[in-house]
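A short write-up of the structure that comes next.
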Amino acid sequence: MSGLLDLFGDGFARRALLEAVMVGGLCGAVGVHVLLRRLPFFTMALGHATFPGVVLAALLGVSLFAGAAAFGAVVVVVVALLGTRDRVDDTSAVGVTLSGAFALGVLLLSAQAGFSRDLTAYLVGSIVTVQAGDLVTTAVVGAAVLATLAALHKELVLGAFDRGGLAALGYPVLALDVVLLLLIEATVVTSIPAVGTILAVALIVAPAATARLWTERLRATMALAAALGAASGVIGLAISLQWRVAAGATIVLVAATIFAVSLVVAPHHGLLAATTSEGPAPTRGG
Amino acid sequence: MNLVEPFTIPYMQRALVEVLVLGALAGAVGVLVVLRRLAFVGDALTHTVFPGVVIAHLLGRSLLAGALAFGVLTAVLLTLLGDHRRVGNDAALAILLTSFFSLGVVLISRTRGFTADLTVFLFGRVLAIDRTDLVQTLVVGAVAAITLAVLHKELVLRAFDPEAAAAMGYRTRRLDLVLNLLIALVVVAAVEAVGTVLVIALIVVPAAAARLLTDRVAAMTALACLLGAAGGWLGLAVSYEVSVDHDLRLAAGATIVVVLVGLFLVAAVLAPLRRRLAARGRVAAAEAVR
């Protein structure tokens, strides 16, 4: 235990630890909603698509958060618009937007000198270099996102399971959808300094998917997902500091390992439980 | 802009052959990806071959062999993992994709010159490929093209009517595996040239554009091949022109993708026009019959 404390003794390591806990917890809680609405691919696209925003912001010398958030909002609109055309289904719309935005980011960066070093930090994160300012941003955005989730919990959950019911009760369904997408976007943007644009989706999806294997109740799932996200952050960071490997990627690997173990051993939904109790779990049709 | 002159230089020639082959192949496979709504699977495969590339690089073996091993491994895993009820396809994909990708990043972060290598693997270096790379791409591409040609009818049937395909005695799971392997082969063939991240654009964008312009699968496939190859050619020419004449370096792979997205947008603008023409054609035909 004291070894762990020693590891986090330096100022940069302590900041990284705080960032990992906050980002992990935030991503875990939001991830439950992402899974309920089957939005992992969209979240993935959002991560990729904020990339040109980050690059532009860096070139113009404005806040990276502002750049990423602005581009993320554009992508939310583009995906929504493309999806409404009858010939382009959602998945292809997301695919086109994702790759196009990503290429645009690479293009903008390639015109600069020092291309590959900056690029790597955006793509896979650089948690050990987070500054006090990043921590404040993470804390403020995280608190706002979690407060909104808590305040709108009932409406968002109902919207995930029964949109017709939500509309019949007189709630503005579309506005609630947009709010949720914006919350996801804020989460992705906030986690970019820690795990980067490509890996943010992992920290959002993996803890939530793990939590869903262990419990049925939604509030418990969210609490567990947040705890798992934070724990993945701490363990991953410790491993990366100990063996000097990339921190963001290690955090993701820890979260994925916890998921893989849960997939096998979890009660009711685990693979072991499915084979020992009543034969293989019924698979979805098709 | 000159579409021919840059390609008198040997390295530009090799790059051109490479992107023409890749564009056409990715376009053909992409039609099936778009019809089956498998863009996310394609994206997953582009990320999961990454650790294979890194391991091959660390061991000093052929990058293509490493990519191939991991591509086949994930194609099988994806086919198997697909139907766990509680986890869901999307979530399983997202986790598989990011954890494989992370494995690659962790492995490569141990080496010196980490960031430069990472950039090459992610975005390729189409201008630096040599004769051996080109031959490897052609061989992998040929295998994929032959498989596609032989099984095309079955794969299309599986896309539109899985129950009929199953009733006719086709093993749909096996066909799914074949398609996943085909996507993996395209990704593997493209790894050196455009890198693992931008391959997904070669697969999805031309096919999505072709889908906007026609309803028939054969025409869609032909169009997607054409658009993919044309995008590659134009992208290379633009990137060369801007870099040489305007002294603004533009990464070749990314330029190709941006040109492809431009072609997609043109298709999106043309699509409503085409539909109106088709509708008018039908009305005229009906009146002629009367």
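Chain labels run A, B, ... following the order of the structure tokens; each chain numbers its residues from 1, and ligands are numbered from 1 in the order shown.
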Running DSSP on the backbone, which parts of range 41-111 of chain B land in helix (DSSP H, G or I), as a ChimeraX atom specification? /B:41-48,50-59,63-81,89-109
Using only C-alpha atoms, determine which residues lie at most 8 Å from range 13-26 of chain A, disregarding the query and same-chain residues fewer than 2 positions distant; provide the list as a PyMOL selection string. chain A and resi 7-11+28-30+127-132+135+138-139+142+146+187+190-191+194+203+225-234+237
Residue subset to file, keeping C-alpha atoms, as a PDB file, in the first residue's frame:
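The result, stored in again.pdb:
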```pdb
ATOM      1  CA  LEU A   7       4.188   5.837  -6.849  1.00  0.00           C
ATOM      2  CA  PHE A   8       1.799   8.783  -6.655  1.00  0.00           C
ATOM      3  CA  GLY A   9       4.182  10.905  -4.590  1.00  0.00           C
ATOM      4  CA  ASP A  10       5.138  13.375  -7.334  1.00  0.00           C
ATOM      5  CA  GLY A  11       3.019  16.383  -8.211  1.00  0.00           C
ATOM      6  CA  GLY A  28     -18.742   5.090 -16.174  1.00  0.00           C
ATOM      7  CA  ALA A  29     -21.951   6.865 -15.158  1.00  0.00           C
ATOM      8  CA  VAL A  30     -22.607   8.318 -18.622  1.00  0.00           C
ATOM      9  CA  ILE A 127      -2.634  11.959 -18.584  1.00  0.00           C
ATOM     10  CA  VAL A 128       0.702  12.520 -16.868  1.00  0.00           C
ATOM     11  CA  THR A 129       0.915  15.989 -18.384  1.00  0.00           C
ATOM     12  CA  VAL A 130      -2.502  17.258 -17.238  1.00  0.00           C
ATOM     13  CA  GLN A 131      -2.338  20.692 -15.676  1.00  0.00           C
ATOM     14  CA  ALA A 132      -4.236  22.138 -12.738  1.00  0.00           C
ATOM     15  CA  LEU A 135      -8.365  19.269 -13.443  1.00  0.00           C
ATOM     16  CA  THR A 138     -12.826  18.113 -15.576  1.00  0.00           C
ATOM     17  CA  ALA A 139     -14.283  18.753 -12.121  1.00  0.00           C
ATOM     18  CA  GLY A 142     -18.099  16.393 -14.646  1.00  0.00           C
ATOM     19  CA  LEU A 146     -23.647  14.271 -13.365  1.00  0.00           C
ATOM     20  CA  THR A 187     -17.952  13.591 -21.424  1.00  0.00           C
ATOM     21  CA  THR A 190     -13.499  16.077 -21.041  1.00  0.00           C
ATOM     22  CA  SER A 191     -11.748  12.727 -21.218  1.00  0.00           C
ATOM     23  CA  ALA A 194      -6.599  11.674 -20.159  1.00  0.00           C
ATOM     24  CA  LEU A 203     -13.735   4.209 -20.773  1.00  0.00           C
ATOM     25  CA  ALA A 225     -19.986   1.642 -13.507  1.00  0.00           C
ATOM     26  CA  ALA A 226     -18.666   4.888 -12.019  1.00  0.00           C
ATOM     27  CA  ALA A 227     -16.707   2.953  -9.383  1.00  0.00           C
ATOM     28  CA  LEU A 228     -15.294   0.573 -12.013  1.00  0.00           C
ATOM     29  CA  GLY A 229     -14.329   3.487 -14.265  1.00  0.00           C
ATOM     30  CA  ALA A 230     -12.481   5.225 -11.432  1.00  0.00           C
ATOM     31  CA  ALA A 231     -10.821   1.969 -10.347  1.00  0.00           C
ATOM     32  CA  SER A 232      -9.661   1.260 -13.929  1.00  0.00           C
ATOM     33  CA  GLY A 233      -8.175   4.749 -13.978  1.00  0.00           C
ATOM     34  CA  VAL A 234      -6.216   4.270 -10.757  1.00  0.00           C
ATOM     35  CA  LEU A 237      -2.191   4.642 -14.020  1.00  0.00           C
TER      36      LEU A 237
END
```
With only C-alpha atoms as the counted atoms, please give the residues lying no more than 7 Å from Gly66 in chain B, apart from itself and same-chain residues fewer than 5 positions off, as a count of residues only. 4
Please measure the separation of CA of Phe65 in chain A and CA of Ala252 in chain B, giving the value in Å to one decimal. 28.0 Å
Produce a table with one row for each residue of range 97-135 of chain B that has an atom at most 12 Å from any atom of range 17-29 of chain B, each row naming the nearest atom pair and its distance in Å at one decimal; use only C-alpha atoms; arrange rows by chain and rising residue number; format as CSV.
```
residue,atom,partner,partner_atom,distance
B:Gly124,CA,B:Val19,CA,11.9
B:Arg125,CA,B:Glu18,CA,11.3
B:Val126,CA,B:Glu18,CA,7.9
B:Leu127,CA,B:Glu18,CA,9.8
B:Ala128,CA,B:Glu18,CA,11.2
B:Ile129,CA,B:Glu18,CA,8.7
B:Asp130,CA,B:Glu18,CA,10.3
B:Arg131,CA,B:Glu18,CA,10.2
B:Thr132,CA,B:Glu18,CA,11.6
B:Asp133,CA,B:Glu18,CA,9.0
B:Leu134,CA,B:Glu18,CA,6.4
B:Val135,CA,B:Glu18,CA,9.4
```
Could the residues in this selection be written to a file with N, CA and C atoms, as a PDB file, in the first residue's frame?
```
ATOM      1  N   GLY B 124      -0.260   5.506 -42.345  1.00  0.00           N
ATOM      2  CA  GLY B 124       0.370   4.960 -43.524  1.00  0.00           C
ATOM      3  C   GLY B 124       1.385   5.906 -44.134  1.00  0.00           C
ATOM      4  N   ARG B 125       2.041   5.405 -45.177  1.00  0.00           N
ATOM      5  CA  ARG B 125       2.994   6.255 -45.912  1.00  0.00           C
ATOM      6  C   ARG B 125       2.973   5.776 -47.337  1.00  0.00           C
ATOM      7  N   VAL B 126       1.925   6.167 -48.015  1.00  0.00           N
ATOM      8  CA  VAL B 126       1.663   5.652 -49.352  1.00  0.00           C
ATOM      9  C   VAL B 126       2.791   6.042 -50.301  1.00  0.00           C
ATOM     10  N   LEU B 127       3.479   7.145 -50.015  1.00  0.00           N
ATOM     11  CA  LEU B 127       4.521   7.597 -50.924  1.00  0.00           C
ATOM     12  C   LEU B 127       5.829   6.833 -50.724  1.00  0.00           C
ATOM     13  N   ALA B 128       5.908   6.037 -49.640  1.00  0.00           N
ATOM     14  CA  ALA B 128       7.175   5.368 -49.350  1.00  0.00           C
ATOM     15  C   ALA B 128       7.103   3.859 -49.567  1.00  0.00           C
ATOM     16  N   ILE B 129       6.045   3.366 -50.174  1.00  0.00           N
ATOM     17  CA  ILE B 129       5.956   1.918 -50.346  1.00  0.00           C
ATOM     18  C   ILE B 129       6.906   1.456 -51.452  1.00  0.00           C
ATOM     19  N   ASP B 130       7.488   0.275 -51.261  1.00  0.00           N
ATOM     20  CA  ASP B 130       8.403  -0.239 -52.277  1.00  0.00           C
ATOM     21  C   ASP B 130       7.735  -1.372 -53.068  1.00  0.00           C
ATOM     22  N   ARG B 131       8.525  -1.970 -53.947  1.00  0.00           N
ATOM     23  CA  ARG B 131       7.993  -2.992 -54.838  1.00  0.00           C
ATOM     24  C   ARG B 131       7.409  -4.179 -54.061  1.00  0.00           C
ATOM     25  N   THR B 132       8.117  -4.586 -52.984  1.00  0.00           N
ATOM     26  CA  THR B 132       7.652  -5.723 -52.186  1.00  0.00           C
ATOM     27  C   THR B 132       6.283  -5.430 -51.587  1.00  0.00           C
ATOM     28  N   ASP B 133       6.120  -4.216 -51.007  1.00  0.00           N
ATOM     29  CA  ASP B 133       4.829  -3.842 -50.427  1.00  0.00           C
ATOM     30  C   ASP B 133       3.736  -3.953 -51.474  1.00  0.00           C
ATOM     31  N   LEU B 134       4.067  -3.474 -52.658  1.00  0.00           N
ATOM     32  CA  LEU B 134       3.084  -3.443 -53.731  1.00  0.00           C
ATOM     33  C   LEU B 134       2.663  -4.865 -54.101  1.00  0.00           C
ATOM     34  N   VAL B 135       3.658  -5.748 -54.217  1.00  0.00           N
ATOM     35  CA  VAL B 135       3.350  -7.142 -54.569  1.00  0.00           C
ATOM     36  C   VAL B 135       2.480  -7.773 -53.486  1.00  0.00           C
TER      37      VAL B 135
END
```
Residue contacts of Ala224 in chain B (10 Å, only C-alpha atoms) excluding same-chain residues fewer than 2 positions away, as a PyMOL selection string: chain B and resi 23-31+202-211+218-222+226-230
Could you check the closest approach to chain A for each of B:Leu234, B:Leu212, B:Leu185, B:Leu32 and tell me which residue wins, using only C-alpha atoms? B:Leu212
Surrounding residues of range 148-154 of chain B excluding itself and chain neighbours under 2 positions, 9 Å, only C-alpha atoms, as a ChimeraX atom specification: /B:28-29,143-146,156-159,165,170,175,178-179,182
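Across B:Ile9, B:Leu45, B:Ala268, B:Leu3, the tightest approach to chain A is made by B:Ala268 when counting only C-alpha atoms.
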9 Å contact set for range 168-183 of chain A, only C-alpha atoms, chain neighbours under 2 positions out, as a PDB file with N, CA and C atoms, in the first residue's frame:
```pdb
ATOM      1  N   VAL A  30     -22.001   7.959 -17.330  1.00  0.00           N
ATOM      2  CA  VAL A  30     -22.607   8.318 -18.622  1.00  0.00           C
ATOM      3  C   VAL A  30     -22.737   7.086 -19.514  1.00  0.00           C
ATOM      4  N   HIS A  33     -26.046   5.180 -19.908  1.00  0.00           N
ATOM      5  CA  HIS A  33     -27.013   5.725 -20.864  1.00  0.00           C
ATOM      6  C   HIS A  33     -26.619   5.413 -22.300  1.00  0.00           C
ATOM      7  N   VAL A  34     -25.319   5.453 -22.572  1.00  0.00           N
ATOM      8  CA  VAL A  34     -24.844   5.130 -23.926  1.00  0.00           C
ATOM      9  C   VAL A  34     -25.256   3.701 -24.300  1.00  0.00           C
ATOM     10  N   THR A  43     -20.745   7.257 -30.104  1.00  0.00           N
ATOM     11  CA  THR A  43     -19.765   7.810 -29.166  1.00  0.00           C
ATOM     12  C   THR A  43     -18.368   7.737 -29.749  1.00  0.00           C
ATOM     13  N   GLY A  72     -17.761  18.697 -32.081  1.00  0.00           N
ATOM     14  CA  GLY A  72     -18.655  17.621 -31.643  1.00  0.00           C
ATOM     15  C   GLY A  72     -20.105  17.998 -31.902  1.00  0.00           C
ATOM     16  N   ALA A  73     -20.457  19.248 -31.607  1.00  0.00           N
ATOM     17  CA  ALA A  73     -21.830  19.695 -31.823  1.00  0.00           C
ATOM     18  C   ALA A  73     -22.184  19.635 -33.305  1.00  0.00           C
ATOM     19  N   VAL A  76     -22.917  16.060 -34.191  1.00  0.00           N
ATOM     20  CA  VAL A  76     -24.242  15.646 -33.724  1.00  0.00           C
ATOM     21  C   VAL A  76     -25.286  16.027 -34.773  1.00  0.00           C
ATOM     22  N   VAL A 145     -22.368  17.548 -15.702  1.00  0.00           N
ATOM     23  CA  VAL A 145     -22.948  16.405 -16.422  1.00  0.00           C
ATOM     24  C   VAL A 145     -23.678  15.492 -15.447  1.00  0.00           C
ATOM     25  N   LEU A 146     -23.030  15.186 -14.323  1.00  0.00           N
ATOM     26  CA  LEU A 146     -23.647  14.271 -13.365  1.00  0.00           C
ATOM     27  C   LEU A 146     -24.909  14.874 -12.751  1.00  0.00           C
ATOM     28  N   THR A 148     -26.924  17.033 -14.200  1.00  0.00           N
ATOM     29  CA  THR A 148     -27.986  16.968 -15.207  1.00  0.00           C
ATOM     30  C   THR A 148     -28.537  15.555 -15.310  1.00  0.00           C
ATOM     31  N   LEU A 149     -27.633  14.559 -15.306  1.00  0.00           N
ATOM     32  CA  LEU A 149     -28.070  13.166 -15.373  1.00  0.00           C
ATOM     33  C   LEU A 149     -28.997  12.842 -14.210  1.00  0.00           C
ATOM     34  N   LEU A 152     -32.448  14.672 -14.566  1.00  0.00           N
ATOM     35  CA  LEU A 152     -33.308  14.170 -15.649  1.00  0.00           C
ATOM     36  C   LEU A 152     -33.363  12.648 -15.683  1.00  0.00           C
ATOM     37  N   GLU A 155     -36.677  10.880 -16.775  1.00  0.00           N
ATOM     38  CA  GLU A 155     -37.064  11.173 -18.151  1.00  0.00           C
ATOM     39  C   GLU A 155     -36.130  10.476 -19.145  1.00  0.00           C
ATOM     40  N   LEU A 156     -34.824  10.507 -18.858  1.00  0.00           N
ATOM     41  CA  LEU A 156     -33.860   9.902 -19.790  1.00  0.00           C
ATOM     42  C   LEU A 156     -34.038   8.396 -19.858  1.00  0.00           C
ATOM     43  N   GLY A 159     -37.139   7.600 -21.743  1.00  0.00           N
ATOM     44  CA  GLY A 159     -36.879   7.848 -23.162  1.00  0.00           C
ATOM     45  C   GLY A 159     -36.124   6.698 -23.804  1.00  0.00           C
ATOM     46  N   ARG A 163     -40.108   5.525 -25.881  1.00  0.00           N
ATOM     47  CA  ARG A 163     -40.176   6.897 -26.397  1.00  0.00           C
ATOM     48  C   ARG A 163     -41.624   7.343 -26.558  1.00  0.00           C
ATOM     49  N   GLY A 164     -42.471   6.435 -27.000  1.00  0.00           N
ATOM     50  CA  GLY A 164     -43.887   6.759 -27.173  1.00  0.00           C
ATOM     51  C   GLY A 164     -44.500   7.199 -25.855  1.00  0.00           C
ATOM     52  N   GLY A 165     -44.171   6.452 -24.792  1.00  0.00           N
ATOM     53  CA  GLY A 165     -44.694   6.780 -23.470  1.00  0.00           C
ATOM     54  C   GLY A 165     -44.247   8.155 -23.017  1.00  0.00           C
ATOM     55  N   LEU A 166     -42.977   8.450 -23.290  1.00  0.00           N
ATOM     56  CA  LEU A 166     -42.419   9.745 -22.889  1.00  0.00           C
ATOM     57  C   LEU A 166     -43.148  10.882 -23.604  1.00  0.00           C
ATOM     58  N   GLU A 185     -21.284  14.119 -25.436  1.00  0.00           N
ATOM     59  CA  GLU A 185     -20.228  14.896 -26.081  1.00  0.00           C
ATOM     60  C   GLU A 185     -19.330  15.563 -25.042  1.00  0.00           C
ATOM     61  N   ALA A 186     -19.952  16.172 -24.019  1.00  0.00           N
ATOM     62  CA  ALA A 186     -19.166  16.841 -22.975  1.00  0.00           C
ATOM     63  C   ALA A 186     -18.242  15.832 -22.292  1.00  0.00           C
ATOM     64  N   THR A 187     -18.759  14.631 -22.081  1.00  0.00           N
ATOM     65  CA  THR A 187     -17.952  13.591 -21.424  1.00  0.00           C
ATOM     66  C   THR A 187     -16.753  13.200 -22.282  1.00  0.00           C
ATOM     67  N   VAL A 188     -17.013  12.986 -23.582  1.00  0.00           N
ATOM     68  CA  VAL A 188     -15.928  12.612 -24.490  1.00  0.00           C
ATOM     69  C   VAL A 188     -14.856  13.698 -24.506  1.00  0.00           C
TER      70      VAL A 188
END
```
Looking at B:Leu64, B:Ala190, B:Ala267, B:Val33, which one is nearest to Ser92 in chain A, with distances taken over only C-alpha atoms?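 Nearest candidate to Ser92 in chain A out of B:Leu64, B:Ala190, B:Ala267, B:Val33: B:Val33.
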